[in-house]
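data-v8.cif, holding mmCIF, C-alpha atoms:
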data_structure
#
loop_
_atom_site.label_atom_id
_atom_site.label_comp_id
_atom_site.auth_asym_id
_atom_site.auth_seq_id
_atom_site.Cartn_x
_atom_site.Cartn_y
_atom_site.Cartn_z
CA MET A 189 2.68 69.19 -4.38
CA PRO A 190 -0.44 67.19 -3.43
CA LEU A 191 -0.61 63.63 -4.72
CA ARG A 192 -3.87 64.30 -6.56
CA ALA A 193 -2.16 67.14 -8.47
CA ILE A 194 0.66 64.81 -9.52
CA PHE A 195 -1.83 62.22 -10.81
CA LEU A 196 -3.86 64.84 -12.65
CA ILE A 197 -0.83 66.42 -14.31
CA ALA A 198 0.57 63.01 -15.31
CA PHE A 199 -2.79 61.97 -16.76
CA LEU A 200 -3.20 65.18 -18.75
CA VAL A 201 0.37 65.14 -20.07
CA MET A 202 0.00 61.51 -21.21
CA SER A 203 -3.33 62.39 -22.81
CA LEU A 204 -1.93 65.08 -25.12
CA PRO A 205 -0.50 62.74 -27.81
CA ILE A 206 -3.70 60.68 -27.67
CA CYS A 207 -5.69 63.86 -28.37
CA PHE A 208 -3.67 64.27 -31.57
CA PHE A 209 -3.99 60.70 -32.86
CA ARG A 210 -7.56 60.25 -31.58
CA PRO A 211 -9.22 63.68 -31.77
CA VAL A 212 -12.51 62.29 -30.48
CA TYR A 213 -10.70 61.51 -27.23
CA GLY A 214 -9.55 65.14 -27.14
CA ILE A 215 -13.14 66.35 -27.52
CA LEU A 216 -14.33 64.15 -24.66
CA LEU A 217 -11.42 65.24 -22.47
CA TRP A 218 -12.09 68.90 -23.29
CA ILE A 219 -15.73 68.40 -22.24
CA CYS A 220 -14.55 66.96 -18.91
CA LEU A 221 -12.18 69.86 -18.30
CA ALA A 222 -14.85 72.42 -19.24
CA PHE A 223 -17.69 70.93 -17.17
CA VAL A 224 -15.97 69.16 -14.26
CA ASN A 225 -12.98 71.52 -13.96
CA PRO A 226 -10.89 68.85 -12.16
CA GLN A 227 -7.87 71.14 -11.99
CA SER A 228 -9.68 73.20 -9.35
CA PHE A 229 -9.49 70.19 -7.02
CA SER A 230 -5.76 69.66 -7.43
CA TRP A 231 -4.72 72.86 -5.57
CA ALA A 232 -1.66 73.08 -7.83
CA PHE A 233 -1.26 74.33 -11.38
CA ASP A 234 -4.98 75.06 -11.39
CA ALA A 235 -4.28 78.32 -13.23
CA PHE A 236 -2.54 76.49 -16.10
CA PRO A 237 -4.71 76.54 -19.27
CA TRP A 238 -5.32 72.81 -19.38
CA ALA A 239 -8.33 73.18 -21.68
CA ALA A 240 -6.20 75.05 -24.21
CA ALA A 241 -3.43 72.45 -23.87
CA VAL A 242 -5.95 69.74 -24.81
CA ALA A 243 -7.59 71.84 -27.53
CA VAL A 244 -4.39 72.42 -29.54
CA PRO A 245 -3.47 68.76 -30.29
CA THR A 246 -7.16 67.95 -30.79
CA ILE A 247 -7.50 70.64 -33.46
CA LEU A 248 -4.25 69.53 -35.12
CA GLY A 249 -5.45 65.93 -35.05
CA MET A 250 -8.72 66.97 -36.67
CA LEU A 251 -6.83 68.74 -39.48
CA VAL A 252 -4.72 65.62 -40.08
CA PHE A 253 -7.17 62.75 -39.51
CA ASP A 254 -10.72 64.16 -39.71
CA ARG A 255 -10.65 66.53 -42.65
CA LYS A 256 -14.29 65.93 -43.58
CA PHE A 257 -15.26 69.56 -43.90
CA ASP A 258 -18.46 68.70 -45.77
CA ARG A 259 -19.83 67.74 -42.34
CA PHE A 260 -20.02 71.47 -41.54
CA ASN A 261 -22.72 71.94 -44.16
CA SER A 262 -25.76 72.81 -42.06
CA ALA A 263 -27.88 75.87 -41.33
CA GLN A 264 -26.83 75.89 -37.68
CA PHE A 265 -23.13 75.87 -38.49
CA TRP A 266 -23.38 78.83 -40.87
CA LEU A 267 -25.46 80.70 -38.31
CA LEU A 268 -22.69 80.04 -35.78
CA VAL A 269 -20.19 81.49 -38.26
CA LEU A 270 -22.37 84.55 -38.85
CA LEU A 271 -22.84 84.98 -35.12
CA TRP A 272 -19.08 84.87 -34.51
CA MET A 273 -18.52 87.35 -37.33
CA TRP A 274 -21.09 89.68 -35.81
CA PHE A 275 -19.49 89.29 -32.37
CA THR A 276 -16.24 90.41 -34.02
CA VAL A 277 -17.92 93.40 -35.66
CA THR A 278 -19.53 94.54 -32.39
CA THR A 279 -16.22 94.09 -30.58
CA VAL A 280 -14.33 96.25 -33.07
CA VAL A 281 -17.06 98.91 -33.15
CA SER A 282 -17.53 99.11 -29.37
CA THR A 283 -13.82 99.27 -28.56
CA ASN A 284 -13.53 102.20 -30.96
CA THR A 285 -16.54 104.02 -29.51
CA ALA A 286 -15.81 106.57 -26.79
CA GLU A 287 -18.82 105.58 -24.65
CA PHE A 288 -17.57 101.98 -24.39
CA ALA A 289 -13.81 102.58 -24.33
CA HIS A 290 -13.65 102.04 -20.55
CA HIS A 291 -14.37 98.31 -20.93
CA ALA A 292 -12.43 97.73 -24.19
CA THR A 293 -9.93 95.36 -22.53
CA ASP A 294 -12.72 93.28 -21.00
CA THR A 295 -14.51 93.25 -24.35
CA TRP A 296 -11.53 91.79 -26.19
CA ASP A 297 -10.91 89.28 -23.38
CA LYS A 298 -14.52 88.09 -23.61
CA TRP A 299 -14.29 87.94 -27.41
CA LYS A 300 -11.25 85.67 -27.13
CA PHE A 301 -13.02 83.50 -24.54
CA VAL A 302 -16.17 83.08 -26.66
CA SER A 303 -14.11 82.52 -29.82
CA LYS A 304 -12.30 79.60 -28.16
CA ILE A 305 -15.63 78.04 -27.24
CA LEU A 306 -16.93 78.42 -30.80
CA VAL A 307 -13.72 76.96 -32.27
CA MET A 308 -14.08 73.82 -30.13
CA THR A 309 -17.78 73.68 -30.98
CA ALA A 310 -16.85 73.74 -34.66
CA CYS A 311 -14.20 71.03 -34.18
CA THR A 312 -16.72 68.77 -32.48
CA ILE A 313 -18.90 68.66 -35.60
CA PRO A 314 -16.54 66.75 -37.97
CA ILE A 315 -14.81 64.74 -35.24
CA VAL A 316 -18.01 63.21 -33.84
CA SER A 317 -18.64 61.34 -37.07
CA SER A 318 -20.81 58.41 -35.99
CA PHE A 319 -23.80 57.66 -33.82
CA GLN A 320 -21.57 55.76 -31.43
CA ARG A 321 -19.30 58.79 -30.98
CA LEU A 322 -22.33 61.01 -30.38
CA ARG A 323 -23.47 58.52 -27.76
CA TYR A 324 -20.06 58.68 -26.06
CA LEU A 325 -20.19 62.48 -26.10
CA LEU A 326 -23.59 62.61 -24.42
CA LEU A 327 -22.65 59.90 -21.92
CA THR A 328 -19.55 61.94 -21.04
CA ILE A 329 -21.72 65.00 -20.38
CA ALA A 330 -24.06 62.88 -18.27
CA ALA A 331 -21.14 61.48 -16.28
CA CYS A 332 -19.62 64.93 -15.68
CA PHE A 333 -22.73 66.33 -14.04
CA GLY A 334 -23.56 62.97 -12.48
CA LEU A 335 -20.36 63.24 -10.41
CA TYR A 336 -21.58 66.50 -8.89
CA VAL A 337 -25.09 65.24 -8.29
CA VAL A 338 -23.86 62.08 -6.56
CA LYS A 339 -21.42 64.14 -4.51
CA ALA A 340 -24.17 66.60 -3.54
CA LEU A 341 -26.74 64.01 -2.44
CA PRO A 342 -25.15 63.11 0.94
CA PHE A 343 -24.62 66.82 1.61
CA ILE A 344 -28.31 67.52 0.95
CA ILE A 345 -29.40 64.67 3.23
CA MET A 346 -27.04 65.51 6.10
CA THR A 347 -27.89 69.22 6.08
CA GLY A 348 -31.57 68.80 5.31
CA GLY A 349 -31.15 71.03 2.27
CA ALA A 350 -30.33 74.04 4.43
CA PHE A 351 -27.47 75.21 2.21
CA ARG A 352 -27.21 76.08 -1.46
CA LEU A 353 -25.45 73.86 -3.97
CA TYR A 354 -22.71 75.38 -6.10
CA GLY A 355 -20.70 74.17 -9.07
CA PRO A 356 -16.91 73.83 -9.29
CA GLU A 357 -14.88 76.91 -8.46
CA ARG A 358 -13.64 79.14 -11.29
CA SER A 359 -15.90 77.43 -13.82
CA MET A 360 -18.89 78.66 -15.81
CA ILE A 361 -21.22 76.84 -13.40
CA ALA A 362 -19.63 77.98 -10.14
CA ASP A 363 -22.68 80.11 -9.24
CA ASN A 364 -25.72 78.31 -7.86
CA ASN A 365 -27.93 79.81 -10.59
CA ASP A 366 -25.61 78.62 -13.37
CA PHE A 367 -25.30 75.21 -11.75
CA GLY A 368 -29.09 74.89 -11.68
CA LEU A 369 -29.23 75.93 -15.35
CA ALA A 370 -26.73 73.21 -16.31
CA LEU A 371 -28.61 70.54 -14.35
CA ASN A 372 -31.85 71.49 -16.11
CA MET A 373 -30.10 70.96 -19.42
CA THR A 374 -28.76 67.60 -18.26
CA LEU A 375 -32.04 66.23 -16.86
CA PRO A 376 -33.47 65.27 -20.31
CA ILE A 377 -30.15 63.64 -21.22
CA TYR A 378 -30.50 61.24 -18.29
CA PHE A 379 -34.15 60.52 -19.13
CA PHE A 380 -33.75 59.78 -22.83
CA LEU A 381 -30.36 58.06 -22.66
CA ALA A 382 -31.89 55.66 -20.14
CA GLN A 383 -34.40 54.67 -22.84
CA THR A 384 -31.81 54.11 -25.56
CA GLU A 385 -29.04 52.32 -23.66
CA SER A 386 -28.96 48.52 -23.96
CA LYS A 387 -26.98 47.63 -20.85
CA PRO A 388 -29.28 47.27 -17.81
CA TRP A 389 -26.78 48.73 -15.33
CA VAL A 390 -26.30 51.83 -17.48
CA LYS A 391 -30.07 52.28 -17.78
CA ARG A 392 -30.45 51.98 -14.00
CA MET A 393 -27.63 54.41 -13.32
CA LEU A 394 -29.08 57.00 -15.70
CA GLY A 395 -32.52 56.54 -14.15
CA ILE A 396 -31.10 57.08 -10.67
CA LEU A 397 -29.22 60.19 -11.82
CA PHE A 398 -32.44 61.53 -13.32
CA LEU A 399 -34.24 61.11 -10.00
CA ILE A 400 -31.57 62.60 -7.74
CA THR A 401 -30.88 65.51 -10.10
CA ILE A 402 -34.32 66.92 -9.32
CA PRO A 403 -33.63 67.58 -5.60
CA ALA A 404 -30.19 68.86 -6.58
CA ILE A 405 -31.89 71.50 -8.75
CA PHE A 406 -34.25 72.28 -5.86
CA PHE A 407 -31.41 72.97 -3.48
CA THR A 408 -29.47 75.30 -5.70
CA TYR A 409 -32.07 77.73 -4.29
CA SER A 410 -32.24 79.26 -7.76
CA ARG A 411 -35.69 80.51 -8.72
CA GLY A 412 -34.63 80.66 -12.36
CA ALA A 413 -33.58 77.01 -12.16
CA MET A 414 -36.92 76.09 -10.59
CA ILE A 415 -38.78 77.75 -13.47
CA GLY A 416 -36.59 75.82 -15.89
CA LEU A 417 -37.23 72.56 -14.03
CA ALA A 418 -40.99 73.11 -14.12
CA ALA A 419 -40.89 73.89 -17.84
CA VAL A 420 -38.77 70.84 -18.70
CA LEU A 421 -40.79 68.36 -16.63
CA LEU A 422 -44.20 69.66 -17.73
CA LEU A 423 -43.28 69.67 -21.42
CA MET A 424 -41.75 66.22 -21.11
CA LEU A 425 -44.97 65.06 -19.44
CA LEU A 426 -47.05 66.46 -22.30
CA ARG A 427 -44.88 65.39 -25.23
CA SER A 428 -42.86 62.34 -24.19
CA SER A 429 -44.03 58.84 -25.10
CA ARG A 430 -42.93 57.72 -21.61
CA ARG A 431 -45.04 60.33 -19.84
CA LEU A 432 -46.53 57.84 -17.38
CA ALA A 433 -43.09 57.31 -15.85
CA LEU A 434 -42.90 61.03 -15.11
CA ILE A 435 -46.11 61.30 -13.09
CA PRO A 436 -44.70 59.74 -9.88
CA VAL A 437 -41.59 61.90 -10.31
CA LEU A 438 -43.70 65.05 -10.41
CA VAL A 439 -45.73 63.91 -7.40
CA LEU A 440 -42.55 63.15 -5.48
CA GLY A 441 -41.14 66.58 -6.35
CA VAL A 442 -44.28 68.33 -5.07
CA VAL A 443 -44.24 66.29 -1.84
CA VAL A 444 -40.57 67.11 -1.21
CA ALA A 445 -41.17 70.81 -1.88
CA VAL A 446 -44.22 71.03 0.37
CA TYR A 447 -43.35 68.76 3.28
CA PHE A 448 -39.59 68.21 3.41
CA ALA A 449 -37.95 71.36 2.05
CA PRO A 450 -36.50 73.60 4.78
CA ASP A 451 -38.24 76.83 5.73
CA ALA A 452 -35.52 78.93 4.08
CA TRP A 453 -36.16 77.22 0.73
CA GLN A 454 -39.94 77.54 0.97
CA GLU A 455 -39.65 81.17 1.98
CA ARG A 456 -37.39 81.96 -0.98
CA MET A 457 -39.73 80.24 -3.45
CA ASN A 458 -42.94 81.72 -1.99
CA PRO A 459 -44.28 84.31 -4.50
CA ASN A 460 -46.76 85.70 -1.92
CA ARG A 461 -44.27 86.77 0.72
CA PRO A 462 -44.07 90.53 1.42
CA ASP A 463 -40.58 90.88 -0.09
CA ALA A 464 -41.19 88.60 -3.07
CA VAL A 465 -39.66 91.26 -5.31
CA ASP A 466 -36.39 91.30 -3.36
CA ALA A 467 -33.06 92.88 -4.24
CA SER A 468 -32.21 90.00 -6.57
CA ALA A 469 -35.47 90.32 -8.48
CA ARG A 470 -35.18 94.11 -8.66
CA SER A 471 -31.65 93.86 -10.00
CA ARG A 472 -32.98 91.73 -12.85
CA LEU A 473 -35.67 94.24 -13.73
CA GLU A 474 -33.12 97.05 -13.63
CA ALA A 475 -30.64 95.12 -15.79
CA TRP A 476 -33.35 94.48 -18.39
CA ALA A 477 -34.34 98.15 -18.38
CA PHE A 478 -30.68 99.08 -18.90
CA ALA A 479 -30.38 96.60 -21.80
CA ARG A 480 -33.44 98.06 -23.52
CA ALA A 481 -32.20 101.63 -23.05
CA LEU A 482 -28.73 100.81 -24.37
CA ALA A 483 -30.18 98.97 -27.37
CA ALA A 484 -32.43 101.97 -28.09
CA ASP A 485 -29.32 104.16 -28.41
CA TYR A 486 -27.17 101.55 -30.19
CA PRO A 487 -29.69 99.26 -31.94
CA ILE A 488 -27.32 97.80 -34.52
CA THR A 489 -24.14 96.82 -32.66
CA GLY A 490 -25.00 97.34 -28.99
CA GLY A 491 -22.22 97.99 -26.52
CA GLY A 492 -20.01 94.96 -27.19
CA PHE A 493 -19.03 92.21 -24.79
CA ALA A 494 -18.90 93.08 -21.06
CA THR A 495 -20.98 96.20 -21.49
CA PHE A 496 -22.82 95.76 -18.16
CA THR A 497 -20.61 98.14 -16.17
CA GLN A 498 -21.12 100.55 -13.30
CA GLU A 499 -20.21 103.52 -15.52
CA LEU A 500 -22.94 102.70 -18.02
CA PHE A 501 -25.49 101.91 -15.30
CA ASP A 502 -24.79 105.37 -13.88
CA ARG A 503 -24.99 106.99 -17.30
CA TYR A 504 -28.43 105.51 -17.89
CA ASP A 505 -29.50 106.37 -14.33
CA VAL A 506 -30.08 102.72 -13.38
CA PRO A 507 -29.82 101.97 -9.62
CA LEU A 508 -26.73 99.90 -8.88
CA ARG A 509 -27.64 96.72 -6.97
CA GLU A 510 -26.03 93.81 -8.78
CA ILE A 511 -24.32 94.41 -12.11
CA GLY A 512 -25.01 91.75 -14.71
CA PRO A 513 -27.37 90.92 -17.59
CA HIS A 514 -29.55 88.43 -15.65
CA SER A 515 -31.00 87.13 -18.92
CA VAL A 516 -29.61 85.38 -21.96
CA PHE A 517 -31.75 87.46 -24.31
CA PHE A 518 -31.17 90.87 -22.75
CA GLN A 519 -27.45 90.08 -22.56
CA VAL A 520 -27.23 89.51 -26.32
CA LEU A 521 -29.46 92.52 -27.00
CA ALA A 522 -27.34 94.92 -24.95
CA GLU A 523 -23.98 93.56 -26.11
CA HIS A 524 -24.69 92.94 -29.80
CA GLY A 525 -27.82 94.91 -30.66
CA TYR A 526 -30.92 93.70 -32.42
CA VAL A 527 -28.89 92.16 -35.24
CA GLY A 528 -26.99 89.97 -32.79
CA LEU A 529 -30.21 89.00 -31.01
CA ALA A 530 -31.84 88.10 -34.33
CA LEU A 531 -28.90 85.84 -35.26
CA TYR A 532 -28.88 84.24 -31.80
CA LEU A 533 -32.63 83.53 -31.90
CA SER A 534 -32.34 82.26 -35.47
CA LEU A 535 -29.73 79.75 -34.33
CA ILE A 536 -32.02 78.50 -31.57
CA LEU A 537 -35.05 78.34 -33.86
CA SER A 538 -33.05 76.47 -36.47
CA CYS A 539 -32.11 73.86 -33.87
CA PHE A 540 -35.77 73.32 -32.98
CA VAL A 541 -36.71 73.02 -36.66
CA THR A 542 -34.02 70.37 -37.12
CA THR A 543 -35.01 68.33 -34.05
CA ARG A 544 -38.68 68.45 -35.08
CA ARG A 545 -37.82 67.26 -38.59
CA LEU A 546 -35.63 64.49 -37.19
CA ARG A 547 -38.40 63.30 -34.88
CA LYS A 548 -40.96 63.17 -37.68
CA ARG A 549 -38.71 61.31 -40.11
CA ALA A 550 -37.45 58.94 -37.42
CA ARG A 551 -41.03 58.11 -36.49
CA LEU A 552 -41.84 57.26 -40.13
CA ARG A 553 -38.79 54.97 -40.33
CA GLY A 554 -39.30 53.47 -36.89
CA ASP A 555 -35.85 54.74 -35.82
CA GLN A 556 -36.35 55.15 -32.08
CA ASP A 557 -32.73 56.08 -31.32
CA VAL A 558 -32.68 59.14 -33.59
CA GLY A 559 -36.17 60.16 -32.44
CA ARG A 560 -35.27 59.99 -28.77
CA TYR A 561 -31.94 61.73 -29.25
CA ALA A 562 -33.77 64.54 -31.07
CA GLN A 563 -36.24 64.85 -28.19
CA MET A 564 -33.37 64.80 -25.71
CA LEU A 565 -31.57 67.70 -27.38
CA GLU A 566 -34.83 69.60 -27.83
CA PHE A 567 -35.69 69.42 -24.13
CA SER A 568 -32.12 70.28 -23.18
CA LEU A 569 -32.47 73.48 -25.20
CA ILE A 570 -35.81 74.15 -23.51
CA GLY A 571 -34.09 73.83 -20.14
CA PHE A 572 -31.49 76.35 -21.27
CA LEU A 573 -34.06 78.82 -22.57
CA ALA A 574 -36.50 78.56 -19.66
CA SER A 575 -33.78 79.11 -17.06
CA GLY A 576 -31.87 81.50 -19.31
CA VAL A 577 -34.72 84.00 -19.22
CA PHE A 578 -33.42 84.91 -15.75
CA LEU A 579 -29.72 84.00 -16.05
CA GLY A 580 -27.01 85.72 -18.07
CA ARG A 581 -25.30 82.75 -19.69
CA ALA A 582 -25.70 83.57 -23.38
CA TYR A 583 -22.24 82.18 -24.25
CA PHE A 584 -22.51 79.03 -22.16
CA ASP A 585 -20.20 76.36 -23.62
CA TYR A 586 -22.81 73.72 -22.72
CA PHE A 587 -25.38 75.47 -24.93
CA PHE A 588 -23.01 75.53 -27.89
CA THR A 589 -22.18 71.85 -27.28
CA ILE A 590 -25.88 71.00 -27.56
CA VAL A 591 -26.03 73.02 -30.80
CA ALA A 592 -23.11 70.94 -32.12
CA CYS A 593 -24.97 67.77 -31.13
CA VAL A 594 -28.03 68.95 -33.09
CA ILE A 595 -25.85 69.49 -36.17
CA ILE A 596 -24.25 66.07 -35.77
CA LEU A 597 -27.56 64.29 -35.22
CA GLY A 598 -29.05 66.06 -38.25
CA ARG A 599 -26.24 64.73 -40.43
CA LEU A 600 -26.42 61.22 -38.94
CA GLY A 601 -30.20 61.19 -39.37
CA LYS A 602 -29.80 61.95 -43.07
CA GLU A 603 -27.20 59.20 -43.40
CA ARG A 604 -29.48 56.67 -41.71
CA GLU A 605 -32.38 57.77 -43.87
CA ALA A 606 -30.29 57.33 -47.02
CA ALA A 607 -29.09 53.91 -45.88
CA ALA A 608 -32.67 52.80 -45.15
CA ALA A 609 -34.04 54.03 -48.48
CA PRO A 610 -35.11 51.15 -50.76
CA ALA A 611 -32.85 50.40 -53.67
CA GLU A 612 -33.92 51.61 -57.08
CA SER A 613 -36.32 49.21 -58.69
CA VAL A 614 -34.73 46.93 -61.26
CA PRO A 615 -36.77 45.43 -64.17
CA PRO A 616 -37.55 41.82 -63.35
CA ALA A 617 -35.31 39.38 -65.20
CA THR A 618 -37.09 36.13 -64.36
CA SER A 619 -38.61 35.79 -67.81
CA ARG A 620 -35.41 36.53 -69.64
CA GLU A 621 -32.83 33.98 -70.56
CA PRO A 622 -29.23 34.88 -69.82
CA GLY A 623 -27.45 36.32 -72.81
CA VAL A 624 -30.62 36.87 -74.84
CA ALA A 625 -31.14 40.39 -76.19
CA TRP A 626 -34.76 41.53 -76.25
CA ALA A 627 -35.88 43.03 -79.52
CA THR A 628 -37.47 46.47 -79.50
#

Serialized structure, structure tokens:
Amino acid sequence: MPLRAIFLIAFLVMSLPICFFRPVYGILLWICLAFVNPQSFSWAFDAFPWAAAVAVPTILGMLVFDRKFDRFNSAQFWLLVLLWMWFTVTTVVSTNTAEFAHHATDTWDKWKFVSKILVMTACTIPIVSSFQRLRYLLLTIAACFGLYVVKALPFIIMTGGAFRLYGPERSMIADNNDFGLALNMTLPIYFFLAQTESKPWVKRMLGILFLITIPAIFFTYSRGAMIGLAAVLLLMLLRSSRRLALIPVLVLGVVVAVYFAPDAWQERMNPNRPDAVDASARSRLEAWAFARALAADYPITGGGFATFTQELFDRYDVPLREIGPHSVFFQVLAEHGYVGLALYLSLILSCFVTTRRLRKRARLRGDQDVGRYAQMLEFSLIGFLASGVFLGRAYFDYFFTIVACVIILGRLGKEREAAAAPAESVPPATSREPGVAWAT
């Protein structure tokens, strides 16, 4: 057994009791396992469900030590519950429908997978009970993706960006498109955490990670990720109070793209080339047409999880190039119908309403930390949505983690607002002598 596998197994085994007694540690460790997937580098026991092994004591620890279930009380949480309930309904209906029976096993497997993500999302909400814990959570996310960006930088320099960047094997970001999506979501975290951190070395590190993440997104060779990057940077330039710091970043990005990017990258990103609508682009258009046709026939419940199959593509006379949803929104539409899409969009809209309210109230109180954290989460969601138009990652655990952070920040913002509210006015007692009752 490789030495690195021995160290990893020993570390994880020793961490399990800590996850029970300190559930917040379990949440942070679960984030690391979900995003970094370190078990894939150990070459031994990488098929063992380490994330589940960490999740179980963390959930038990929450039930024993963090039973503050009033922290669930938010619009986003109840929308998550409704969404999970609807996922369950569409799973039951589709697996008992003859047209979708051929993928019933895959449907239930995907339901279990998404349910586990939503359970850990729900557990995060009461466990992350303070602003400091929320800070640790976001710094952990930043560190997870920072490891990959730092690792990728020498590779980009040595190869001149001639090869695509990929995420960790057997993870949700293994594909270059998914990796680019995740980096777009992380870019605002680097930018806004750098403004809120007090330690100079942490601020510098986050600033460096922000800068080198941009070329990393470039060299995923993902056009969806490039659209997401453009949307995030332009909106940050328009709406951020530190917009002047972004201008040289944008200029540098344009210079790199025009003068230093390899020919293969420029050719792939060129919208005027003869084969601009290549097989990849056509497969997206065909997948969207299939999703609309399926939803027209099954508008309420859709086809259930994993309904993008060759059999159904053939049934709807859609050319088979690359099976997959290729869009967050068309994925939810095809798999859960218009009801599921409405719930999904309502969840996203509710998050934006909350972050906007938090920014306005924080500005009135002069609470820069809450205001910047709200902007950070808002732009992270924008990165998900802009890239997600072209990528089928509707059930991305990172997205649901950001939703949990919005819920947590909303609660903490209310607590800070209540703590900052002036005390009720008390009638002045300067003119009264102690012990003297005033006649009425």

Output the residue selection produced by the PyMOL selection byres ((chain A and resi 377) around 10) on the file above, formatted as a ChimeraX atom specification.
/A:326-327,329-330,371-376,378-382,394,398,560-561,563-565,567-568

message = Using the chain letters and numbers from this file, what does the PyMOL selection byres ((chain A and resi 356) around 12) select? Give the answer as an NGL selection string.
response = :A and (221-229 or 332-333 or 335-337 or 339-340 or 353-355 or 357-364 or 366-367)

Distance cut-off 6 Å, centre (-36.9, 69.3, -9.2) in file coordinates, counting only C-alpha atoms: which residues qualify? Return them as a PyMOL selection string. chain A and resi 402-403+405-406+417+441

>> I'd like the neighbourhood of Pro513 (chain A) as a list in words, where a residue qualifies if any of its atoms comes within 8 Å (using all atoms listed in the file), though same-chain residues fewer than 6 positions away should be ignored.
In response: Arg472, Ala475, Trp476, Ala479, Phe496, Gln519, Leu579 and Gly580 of chain A

Requested in this report: I would like the residues chosen by the PyMOL selection byres ((chain A and resi 325) around 9) on the shown file; could you give them as a list in words?
Outcome: Val212, Ile215, Leu216, Ile219, Val316, Gln320, Arg321, Leu322, Arg323, Tyr324, Leu326, Leu327, Thr328, Ile329, Ala330 and Cys593 of chain A

Residue with the minimum atom-to-atom distance to Lys602 (chain A), picked from A:Thr542, A:Ser515, A:Thr309, A:Asn284 with all atoms listed in the file counted, is A:Thr542

Point to revise | Two-atom distance - CA of Thr489 (chain A), CA of Gly512 (chain A) (Å) | key: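 Atom-to-atom, CA of Thr489 (chain A) and CA of Gly512 (chain A) are spaced 18.7 Å apart.
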
Original post:
Given the choices A:Val442, A:Met250, A:Val281, A:Ala582, which gets closest to Ile313 (chain A) if the distance is worked out from only C-alpha atoms?
Top reply: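 Between A:Val442, A:Met250, A:Val281, A:Ala582, the residue approaching Ile313 (chain A) most closely is A:Met250.
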
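Contact shell of Trp266 (chain A) at 12 Å (all atoms listed in the file; same-chain neighbours under 4 positions omitted): A:Arg259, A:Phe260, A:Asn261, A:Ser262, A:Leu270, A:Leu271, A:Trp272, A:Met273, A:Leu306, A:Ala310, A:Leu531, A:Tyr532, A:Ser534, A:Leu535, A:Ser538, A:Val591, A:Ala592, A:Ile595.
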
Atoms kept (C-alpha atoms) for selection, written as a CSV table (one decimal), keeping the file's coordinate frame:
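Okay, out_26.csv is ready:
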chain,number,residue,atom,x,y,z
A,259,ARG,CA,-19.8,67.7,-42.3
A,260,PHE,CA,-20.0,71.5,-41.5
A,261,ASN,CA,-22.7,71.9,-44.2
A,262,SER,CA,-25.8,72.8,-42.1
A,270,LEU,CA,-22.4,84.6,-38.8
A,271,LEU,CA,-22.8,85.0,-35.1
A,272,TRP,CA,-19.1,84.9,-34.5
A,273,MET,CA,-18.5,87.4,-37.3
A,306,LEU,CA,-16.9,78.4,-30.8
A,310,ALA,CA,-16.8,73.7,-34.7
A,531,LEU,CA,-28.9,85.8,-35.3
A,532,TYR,CA,-28.9,84.2,-31.8
A,534,SER,CA,-32.3,82.3,-35.5
A,535,LEU,CA,-29.7,79.8,-34.3
A,538,SER,CA,-33.0,76.5,-36.5
A,591,VAL,CA,-26.0,73.0,-30.8
A,592,ALA,CA,-23.1,70.9,-32.1
A,595,ILE,CA,-25.8,69.5,-36.2

Report task. Give me the residues within 12 Å of Leu537 (chain A) as number ranges by chain, counting all atoms listed in the file and dropping any in the same chain fewer than 6 places off. Result -> A: 263-264, 267, 530-531, 543-544, 566, 569-570, 573, 591, 594

Just to be explicit: take each residue in the selection above, keep C-alpha atoms, and write the result as a compact mmCIF listing (two decimals), in the frame of the given file.
# COMPACT_ATOMS: atom_id res chain seq x y z
CA ALA A 263 -27.88 75.87 -41.33
CA GLN A 264 -26.83 75.89 -37.68
CA LEU A 267 -25.46 80.70 -38.31
CA ALA A 530 -31.84 88.10 -34.33
CA LEU A 531 -28.90 85.84 -35.26
CA THR A 543 -35.01 68.33 -34.05
CA ARG A 544 -38.68 68.45 -35.08
CA GLU A 566 -34.83 69.60 -27.83
CA LEU A 569 -32.47 73.48 -25.20
CA ILE A 570 -35.81 74.15 -23.51
CA LEU A 573 -34.06 78.82 -22.57
CA VAL A 591 -26.03 73.02 -30.80
CA VAL A 594 -28.03 68.95 -33.09

- Message: To one decimal place in Å, what is the distance between CA of Phe351 (chain A) and CA of Leu440 (chain A)?
- Response: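 For CA of Phe351 (chain A) relative to CA of Leu440 (chain A), the distance reads 20.8 Å.
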
Q. Do you know which residues are at most 12 Å from Gln556 (chain A) counting only C-alpha atoms, after dropping those on the same chain fewer than 2 positions away, and could you put them as a VMD selection string?
A. chain A and resid 380 to 381 383 to 385 429 546 to 554 558 to 564 601 604

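With only C-alpha atoms as the atoms that count, the residue of A:Arg599, A:His514, A:Gly571, A:Pro205 with the shortest distance to Leu421 (chain A) is A:Gly571.
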
(request) For CA of Ser386 (chain A) and CA of Trp218 (chain A), determine how far apart the two atoms are, in Å to one decimal place. (result)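 Separation of CA of Ser386 (chain A) and CA of Trp218 (chain A): 26.5 Å.
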
Report as a CSV table (one decimal) with C-alpha atoms, keeping the file's coordinate frame all protein, DNA and RNA residues lying within 7 Å of Ile488 (chain A), evaluated on all atoms listed in the file, omitting residues in the same chain fewer than 6 positions from it.
chain,number,residue,atom,x,y,z
A,525,GLY,CA,-27.8,94.9,-30.7
A,526,TYR,CA,-30.9,93.7,-32.4
A,527,VAL,CA,-28.9,92.2,-35.2

- [ ] Determine the nearest neighbour of Ile596 (chain A) from the options A:Phe208, A:Tyr583, A:Phe265, A:Arg352, counting all atoms listed in the file.
- [x]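 That would be A:Phe265, the residue with the smallest distance to Ile596 (chain A).
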